[in-house]
Amino acid sequence: MGSTVSGDRSPSRGSSSSSADDPSPSTSSQSGAGTASGRTGTVTIEFSGDDIPQEEIIAAAKKGDGYDFEPMFAPVKAYTSSADVSICQMETTLTPTNTNLTRSIVHRGPREFATAVRNAGYDGCSTANNHTFDAGVPGLATTQQVMTSAGLQVAGPGDATNPVRTAWYTAKGLKIAQLSYSYTLDNWAQGSLTGAPPDAPWLKQSLYAVRGAAGISADAAKARAAGADIVLVSLHWGTQFAFEPSGDQVALAQQLLASPNVDMIIGNHPHVVQRCGASNGKLVFYSLGNQLSNQGVNWGFPDATQDGVMVKVTLTKSASGLKVDKAEYQPTRARRTGGYIIDQVSKASNPSSWASTSRLIQGPSNACQLTPAP
């Protein structure tokens with residue numbers, strides 16, 4: 001976690017469509033980032049799958065009057081901390097009082113969860129997902145409060161005065177902005193992908209079905225104008241437990257990556273790993289699976305819901321633009337015995353999990369030229 005973090009700023013710019021997977025992302029110039037500022041440099045960014053402190057995970061972390069999640073993240077800390085910037089997917093609300101914690105599919109984690117994520121090497125997280133509104137408007141505020149107090153940047157829904165909250169990171173002299181959107185923020189919205197709770201109408205601004213590629217690209221343009229050298233877009237999208245991205249995912253990714261102001265897409269939500277794609281020399285990771293969750297065959301879910309992947313991408317910004325130098329992946333697996341541990345998976349330690357995740361993240365053509373972590 002070699003970055004410094006700065007306060008929130010605003011978002012906003014336009015888009016178009018793009019080509020299919022580009023076979024050589026590492027040699028293609030990306031975006032107009034080279035003109036955003038005179039800064040140049042090389043930075044490595046790491047991101048990973050969904051972190052979901054479900055009931056059983058919270059119970060396993062109970063320690064005295066509080067909770068200790070840090071042993072769960074211990075095996076991945078070295079990898080996460082080795083990047084200049086590391087980003088998580090926080091699929092829960094958080095409470096500073098440790099009351100009314102997660103029950104069933106209503107997610108609310110204790111404050112120590114954010115501290116553990118930060119101490120594991122993460123600098124910030126995406127917060128736009130279908131559980132964002134599990135604790136209502138107060139839960140939106142407390143989640144941001146707990147994360148900020150722990151030293152984590154927050155990308156996702158904001159408040160009535162700042163509807164779209166941008167996370168900002170500074171590393172190796174470059175400024176990185178992260179935006180976050182979801183298909184819904186209210187798990188009880190009964191299928192509405194364009195509505196918002198009456199007491200939080202601003203949440204519509206974090207719905208990609210409402211904003212569309214043009215609206216998200218507009219937010220990215222605002223981030224670029226505010227000084228971002230690199231703009232990341234996190235999307236909570238796709239079909240749960242589907243190993244292939246949907247046509248809608250692919251179409252939206254291509255439209256966004258055609259924008260000069262969107263440099264990379266980080267996808268989550270399906271709870272299984274999906275492939276990486278490339279378009280216009282830029283990368284889209286459709287789904288990184290689960291990093292920490294209690295899903296698995298014992299609940300009737302695919303075994304692959306215990307698998308996730310950490311991805312580390314090295315980007316260089318020069319006067320001519322931004323390009324991908326290298327992209328690597330490190331498979332993970334949530335071990336439900338011994339206290340819920342996020343294991344780094346190798347060929348030797350878990351051949352079947354490693355092979356499955358490698359096959360899924362690379363896809364049939366390895367369009368992103370991904371290599372396994374050493």
# chains A, B, ... in the order shown; residues from 1 in each chain; ligands from 1

call {"tool": "select_by_dssp", "arguments": {"residues": "region 105-300 of chain A", "states": "strand (DSSP E)", "output": "count of residues only"}}
result
50

call {"tool": "residues_around", "arguments": {"residues": "region 178-191 of chain A", "least_positions_apart": "6", "cutoff": "7 Å", "atoms": "only C-alpha atoms", "output": "list in words"}}
result
Ser126, Thr127, Ala128, Asn129, Asn130, His131, Thr132, Phe133, Asp134, Ala155, Gly156, Thr166, Ala167, Trp168, Ser206, Leu207, Tyr208, Ala209, Val231, Leu232, Val233, Ser234, Leu235, His236 and Trp237 of chain A

call {"tool": "select_by_dssp", "arguments": {"residues": "region 22-167 of chain A", "states": "alpha helix (DSSP H)", "output": "JSON, numbers by chain"}}
result
{"A": [55, 56, 57, 58, 59, 60, 61, 70, 71, 72, 73, 77, 78, 79, 80, 81, 111, 112, 113, 114, 115, 116, 117, 118, 119, 136, 137, 138, 139, 140, 141, 142, 143, 144, 145, 146, 147, 148, 149, 150]}

call {"tool": "closest_residue", "arguments": {"among": "A:Arg108, A:Arg165, A:Arg118, A:Lys175", "to": "Ile230 (chain A)", "atoms": "only C-alpha atoms"}}
result
A:Lys175

call {"tool": "atom_distance", "arguments": {"atom1": "CA of Ala214 (chain A)", "atom2": "CA of Ile176 (chain A)"}}
result
20.5 Å

call {"tool": "residues_around", "arguments": {"residues": "Asp307 (chain A)", "least_positions_apart": "2", "cutoff": "10 Å", "atoms": "only C-alpha atoms", "output": "mmCIF file with C-alpha atoms, in the first residue's frame"}}
result
data_model
loop_
_atom_site.group_PDB
_atom_site.id
_atom_site.type_symbol
_atom_site.label_atom_id
_atom_site.label_comp_id
_atom_site.auth_asym_id
_atom_site.auth_seq_id
_atom_site.Cartn_x
_atom_site.Cartn_y
_atom_site.Cartn_z
ATOM 1 C CA GLY A 49 -12.903 -9.965 -5.453
ATOM 2 C CA HIS A 271 -19.366 -14.290 -7.205
ATOM 3 C CA VAL A 272 -17.315 -16.378 -9.626
ATOM 4 C CA VAL A 273 -14.339 -15.401 -11.751
ATOM 5 C CA LEU A 288 -12.914 -11.167 -9.847
ATOM 6 C CA GLY A 289 -15.046 -13.668 -7.928
ATOM 7 C CA ASN A 290 -15.210 -13.745 -4.132
ATOM 8 C CA GLN A 291 -12.249 -12.914 -1.967
ATOM 9 C CA LEU A 292 -13.924 -13.458 1.420
ATOM 10 C CA SER A 293 -17.387 -14.991 1.729
ATOM 11 C CA GLN A 295 -20.738 -18.991 -0.132
ATOM 12 C CA GLY A 296 -20.012 -22.532 -1.247
ATOM 13 C CA PRO A 302 -21.090 -23.537 -7.008
ATOM 14 C CA ASP A 303 -17.789 -24.596 -5.468
ATOM 15 C CA ALA A 304 -16.192 -21.824 -7.538
ATOM 16 C CA THR A 305 -17.811 -19.216 -5.262
ATOM 17 C CA VAL A 309 -8.442 -13.615 -7.991
ATOM 18 C CA PRO A 331 -5.720 -16.957 -7.512
ATOM 19 C CA THR A 332 -7.264 -17.013 -4.033
ATOM 20 C CA ARG A 333 -9.659 -19.315 -2.222
ATOM 21 C CA ALA A 334 -11.765 -18.652 0.870
ATOM 22 C CA ARG A 335 -11.058 -21.497 3.282
ATOM 23 C CA ILE A 342 -8.136 -16.168 2.307
ATOM 24 C CA ASP A 343 -5.534 -18.547 0.917
ATOM 25 C CA VAL A 345 -3.565 -20.543 -4.255
ATOM 26 C CA SER A 353 -8.660 -24.244 -7.817
ATOM 27 C CA TRP A 354 -5.562 -22.773 -9.453
ATOM 28 C CA SER A 356 -10.026 -23.281 -12.694
ATOM 29 C CA THR A 357 -9.267 -19.662 -11.817
#

call {"tool": "residues_around", "arguments": {"residues": "Cys88 (chain A)", "least_positions_apart": "4", "cutoff": "10 Å", "atoms": "only C-alpha atoms", "output": "list in words"}}
result
Glu46, Phe47, Ser48, Gly49, Asp50, Asp51, Thr80, Val117, Arg118, Gly121, Tyr122, Asp123, Gly124, Cys125, Ser126, Thr127, Leu152, Gln291 and Met310 of chain A

call {"tool": "closest_residue", "arguments": {"among": "A:Val250, A:Ala74, A:Leu257, A:Ala200", "to": "Pro138 (chain A)", "atoms": "only C-alpha atoms"}}
result
A:Ala200
